[in-house]
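Peer 1: So here's work.txt (compact mmCIF, C-alpha atoms).
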```txt
# COMPACT_ATOMS: atom_id res chain seq x y z
CA MET A 1 8.29 -63.67 -8.16
CA TYR A 2 11.90 -63.09 -9.19
CA ASP A 3 13.51 -63.30 -12.61
CA TYR A 4 16.80 -64.39 -10.99
CA ILE A 5 18.00 -65.59 -7.61
CA VAL A 6 21.72 -65.05 -6.98
CA ILE A 7 23.31 -67.06 -4.17
CA GLY A 8 26.35 -65.46 -2.57
CA ALA A 9 26.82 -61.72 -2.14
CA GLY A 10 30.58 -61.50 -2.57
CA VAL A 11 31.99 -59.54 -5.47
CA MET A 12 30.82 -62.07 -8.10
CA GLY A 13 27.28 -62.44 -6.74
CA SER A 14 26.86 -58.76 -5.94
CA SER A 15 28.13 -57.68 -9.36
CA THR A 16 25.83 -60.20 -11.05
CA ALA A 17 22.81 -58.97 -9.09
CA TYR A 18 23.80 -55.36 -9.83
CA ALA A 19 24.11 -56.01 -13.58
CA LEU A 20 20.81 -57.89 -13.75
CA ALA A 21 19.00 -55.17 -11.80
CA LYS A 22 20.43 -52.52 -14.15
CA GLU A 23 18.84 -54.49 -17.00
CA GLY A 24 15.46 -54.18 -15.26
CA LYS A 25 15.35 -57.74 -13.93
CA LYS A 26 13.79 -58.54 -10.56
CA VAL A 27 16.62 -60.10 -8.53
CA LEU A 28 16.86 -61.71 -5.11
CA LEU A 29 20.41 -61.72 -3.71
CA LEU A 30 21.03 -64.22 -0.90
CA GLU A 31 23.98 -64.35 1.47
CA GLN A 32 24.34 -66.68 4.45
CA PHE A 33 26.54 -64.33 6.50
CA PRO A 34 26.22 -60.66 7.52
CA ILE A 35 27.86 -58.32 4.99
CA PRO A 36 30.77 -57.66 5.06
CA HIS A 37 32.32 -60.86 6.39
CA THR A 38 35.63 -62.74 6.14
CA ARG A 39 34.33 -66.15 5.12
CA GLY A 40 34.39 -65.75 1.35
CA SER A 41 36.89 -65.18 -1.43
CA SER A 42 35.92 -61.50 -1.76
CA HIS A 43 36.91 -60.36 1.72
CA GLY A 44 39.99 -58.28 2.28
CA ALA A 45 41.32 -54.93 1.25
CA SER A 46 42.55 -55.46 -2.30
CA ARG A 47 42.74 -57.57 -5.43
CA ILE A 48 44.95 -57.15 -8.48
CA THR A 49 43.34 -56.45 -11.81
CA ARG A 50 45.18 -56.64 -15.11
CA THR A 51 44.85 -57.15 -18.85
CA ALA A 52 48.11 -59.15 -18.91
CA TYR A 53 46.90 -62.64 -19.77
CA PRO A 54 48.32 -65.02 -22.36
CA GLU A 55 44.75 -65.94 -23.33
CA GLU A 56 43.19 -63.30 -25.54
CA PHE A 57 39.71 -64.10 -24.19
CA ASN A 58 40.72 -62.94 -20.70
CA GLY A 59 42.20 -59.75 -22.14
CA SER A 60 38.97 -59.00 -23.99
CA ILE A 61 36.95 -59.47 -20.79
CA MET A 62 39.25 -57.12 -18.91
CA ALA A 63 38.86 -54.42 -21.55
CA VAL A 64 35.13 -54.44 -20.79
CA ALA A 65 35.59 -54.88 -17.03
CA ASN A 66 37.95 -51.89 -16.73
CA SER A 67 35.28 -49.67 -18.26
CA MET A 68 32.63 -51.11 -15.94
CA TRP A 69 34.79 -50.45 -12.85
CA LYS A 70 35.07 -46.79 -13.90
CA ASP A 71 31.29 -46.61 -14.29
CA LEU A 72 30.74 -48.10 -10.82
CA GLU A 73 33.25 -45.65 -9.31
CA LYS A 74 31.26 -42.74 -10.75
CA GLU A 75 27.95 -44.21 -9.62
CA ALA A 76 29.22 -44.99 -6.10
CA GLU A 77 31.12 -41.69 -5.89
CA THR A 78 34.13 -43.42 -4.37
CA THR A 79 37.55 -44.65 -5.47
CA LEU A 80 37.52 -48.39 -6.18
CA PHE A 81 40.65 -48.69 -8.35
CA LYS A 82 44.25 -47.55 -7.91
CA HIS A 83 46.24 -47.50 -11.13
CA THR A 84 49.70 -49.01 -10.58
CA GLY A 85 50.73 -50.87 -13.73
CA LEU A 86 52.21 -54.37 -13.61
CA LEU A 87 55.58 -55.73 -14.70
CA CYS A 88 55.23 -59.30 -16.03
CA THR A 89 58.50 -61.23 -15.90
CA THR A 90 59.78 -64.65 -16.90
CA SER A 91 63.18 -66.32 -16.73
CA THR A 92 63.32 -66.87 -20.50
CA LEU A 93 61.32 -65.78 -23.51
CA HIS A 94 58.36 -68.13 -22.94
CA LYS A 95 55.44 -68.38 -25.33
CA GLU A 96 53.22 -67.17 -22.46
CA LEU A 97 55.07 -63.85 -22.32
CA VAL A 98 54.81 -63.42 -26.10
CA ASP A 99 51.08 -64.24 -25.96
CA THR A 100 50.65 -61.81 -23.03
CA GLN A 101 52.41 -59.13 -25.08
CA LYS A 102 49.98 -59.76 -27.98
CA THR A 103 46.97 -59.49 -25.66
CA LEU A 104 48.29 -56.25 -24.16
CA GLN A 105 48.97 -54.75 -27.59
CA ARG A 106 45.46 -55.58 -28.68
CA TYR A 107 43.61 -54.23 -25.62
CA ASN A 108 45.90 -51.49 -24.27
CA THR A 109 46.90 -48.42 -26.22
CA GLY A 110 50.32 -48.34 -27.80
CA PRO A 111 53.10 -50.85 -28.32
CA VAL A 112 54.17 -53.19 -25.53
CA PRO A 113 57.82 -54.16 -25.99
CA ILE A 114 59.40 -57.21 -24.42
CA ILE A 115 62.44 -55.96 -22.53
CA ASP A 116 65.56 -57.74 -21.26
CA SER A 117 67.10 -57.67 -17.78
CA ALA A 118 69.34 -54.69 -18.61
CA GLU A 119 66.30 -52.63 -19.62
CA ILE A 120 64.35 -53.83 -16.57
CA SER A 121 67.19 -52.63 -14.33
CA LYS A 122 67.38 -49.33 -16.20
CA ARG A 123 63.64 -48.66 -15.86
CA TYR A 124 63.38 -50.07 -12.35
CA PRO A 125 66.76 -49.47 -10.67
CA LEU A 126 65.71 -51.02 -7.36
CA MET A 127 65.10 -54.36 -9.09
CA SER A 128 67.77 -56.84 -10.10
CA TYR A 129 67.17 -59.82 -12.39
CA PRO A 130 69.33 -62.54 -13.97
CA LYS A 131 70.56 -61.70 -17.46
CA GLU A 132 68.15 -64.14 -19.18
CA GLU A 133 65.08 -62.44 -17.62
CA LYS A 134 62.44 -60.95 -19.96
CA ALA A 135 59.48 -58.72 -19.16
CA CYS A 136 56.63 -56.65 -20.50
CA PHE A 137 54.54 -53.96 -18.79
CA ASP A 138 50.75 -53.86 -18.42
CA SER A 139 49.94 -50.15 -18.22
CA SER A 140 46.26 -50.82 -17.42
CA ALA A 141 46.86 -52.91 -14.29
CA GLY A 142 46.14 -51.85 -10.76
CA ILE A 143 44.51 -52.64 -7.46
CA LEU A 144 40.80 -52.95 -6.79
CA TYR A 145 39.74 -52.13 -3.26
CA ALA A 146 37.79 -55.39 -2.84
CA ASP A 147 35.79 -54.57 0.28
CA LYS A 148 34.78 -51.21 -1.17
CA CYS A 149 33.83 -52.86 -4.48
CA VAL A 150 31.47 -55.31 -2.77
CA MET A 151 29.87 -52.51 -0.77
CA ALA A 152 29.51 -50.31 -3.87
CA PHE A 153 27.74 -53.15 -5.70
CA GLN A 154 25.54 -53.74 -2.64
CA VAL A 155 24.50 -50.10 -2.31
CA SER A 156 23.92 -49.69 -6.05
CA PHE A 157 21.94 -52.95 -6.19
CA GLN A 158 19.76 -51.94 -3.23
CA CYS A 159 19.12 -48.51 -4.77
CA SER A 160 17.93 -50.17 -7.98
CA LEU A 161 15.23 -52.23 -6.20
```
What does this structure look like when you write it as structure tokens?
Peer 2:
Amino acid sequence: MYDYIVIGAGVMGSSTAYALAKEGKKVLLLEQFPIPHTRGSSHGASRITRTAYPEEFNGSIMAVANSMWKDLEKEAETTLFKHTGLLCTTSTLHKELVDTQKTLQRYNTGPVPIIDSAEISKRYPLMSYPKEEKACFDSSAGILYADKCVMAFQVSFQCSL
């Protein structure tokens, strides 16, 4: 008898099964294809991860998720995340950029200024933007190695059985 049955062993299903098993739950994880495969949304080498969202709720989730990715990296003894940062740009000063700035200031350390095209060009000389362009920088953003993440969840889940 299982406490939970999780259908789909991509990154969402595997991470769910992993988290439930870590809480001591008896979990059955089902997948219709051999793992790894290319038929789901989790296949491929990489996915972006960021805190830069205009919705504060998404920023709060990412603050927790970033910590959990670090924990999984330690547990799996492999690199799952490459820190790159992310420049968020818009053609004018949209409310979305202001809201993204607020989310970043709340969940990242330090101030997050909104910069104009002249400052963008100064900081990133290989980039050229129209004069009305605005941007802010997410210092927590990076790349998750998606295939490796799924496998790390799989191995950790199987070890917890």
Peer 1: Select, from A:Cys149, A:Val6, A:Ile114, A:Ala45, the residue with the minimum atom-to-atom distance to A:Lys70, counting all atoms listed in the file.
Peer 2: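 For A:Lys70, the nearest of the given residues is A:Cys149.
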Peer 1: For a quick check of understanding, using all atoms listed in the file, which of A:Leu80, A:Pro113, A:Ala118, A:Thr100 has the smallest distance to A:Gly142?
Peer 2: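 Among A:Leu80, A:Pro113, A:Ala118, A:Thr100, it is A:Leu80 that comes nearest to A:Gly142.
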Peer 1: Tell me, in Å to one decimal, how far atom CA of A:Ala135 is from atom CA of A:Asp116.
Peer 2: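 Atom CA of A:Asp116 lies 6.5 Å from atom CA of A:Ala135.
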Peer 1: Using only C-alpha atoms, which of A:Thr49, A:Lys122, A:Ser14, A:Met62 sits nearest A:Phe81?
Peer 2: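 Looking only at the distances to A:Phe81, the closest residue turns out to be A:Thr49.
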Peer 1: So which residues touch A:Ile35 within 10 Å, counting all atoms listed in the file, skipping near sequence neighbours fewer than 5 positions away, as number ranges by chain?
Peer 2: A: 9-10, 43, 147, 150-151, 154
Peer 1: Restricting the calculation to all atoms listed in the file: of A:Met12, A:Ala52, A:Ala141, A:Leu86, which residue gets closest to A:Val98?
Peer 2: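 Checking each candidate against A:Val98, we get A:Ala52 as the closest.
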Peer 1: Rounded to one decimal in Å, what is the spacing between atom CA of A:Thr89 and atom CA of A:Lys134?
Peer 2: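 Computing it gives 5.7 Å between the two atoms.
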Peer 1: What is the atom CA of A:Ile5-atom CA of A:Leu20 distance in Å, reported with one decimal?
Peer 2: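 Taking atom CA of A:Ile5 as the start and atom CA of A:Leu20 as the end point, the length is 10.2 Å.
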Peer 1: Taking 3 positions as the minimum chain separation for residues in the same chain, which residues sit within 9 Å of A:Leu28 when counting all atoms listed in the file? Answer as a PyMOL selection string.
Peer 2: chain A and resi 2-7+17
Peer 1: Any idea what's packed within 12 Å of A:Gly59, counting all atoms listed in the file, ignoring anything in its chain fewer than 3 positions away? Could you give it as a list of chain:residue names?
Peer 2: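 Returned residues: A:Thr49, A:Arg50, A:Thr51, A:Ala52, A:Tyr53, A:Pro54, A:Glu55, A:Glu56, A:Met62, A:Ala63, A:Val64, A:Ala65, A:Asn66, A:Asp99, A:Thr100, A:Gln101, A:Lys102, A:Thr103, A:Leu104, A:Gln105, A:Arg106, A:Tyr107, A:Asn108, A:Asp138, A:Ser140, A:Ala141.
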Peer 1: Measuring between all atoms listed in the file, which one of A:Leu72, A:Arg47, A:Cys136, A:Ser41 shows the shortest distance to A:Tyr18?
Peer 2: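 Under the stated criterion, the closest residue is A:Leu72.
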Peer 1: For A:Ile48, which residue out of A:Arg123, A:Lys148, A:Lys82, A:His94 is the nearest one, using only C-alpha atoms?
Peer 2: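 Ranked by minimum distance to A:Ile48, first place goes to A:Lys82.
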Peer 1: Set the distance at 8 Å and use only C-alpha atoms: which residues neighbour A:Ser160 once local chain neighbours fewer than 4 positions away are removed? I'd like the list as a tab-separated table (two decimals) with C-alpha atoms, in the coordinates of the input.
Peer 2:
```
chain	number	residue	atom	x	y	z
A	21	ALA	CA	19.00	-55.17	-11.80
A	22	LYS	CA	20.43	-52.52	-14.15
A	156	SER	CA	23.92	-49.69	-6.05
```
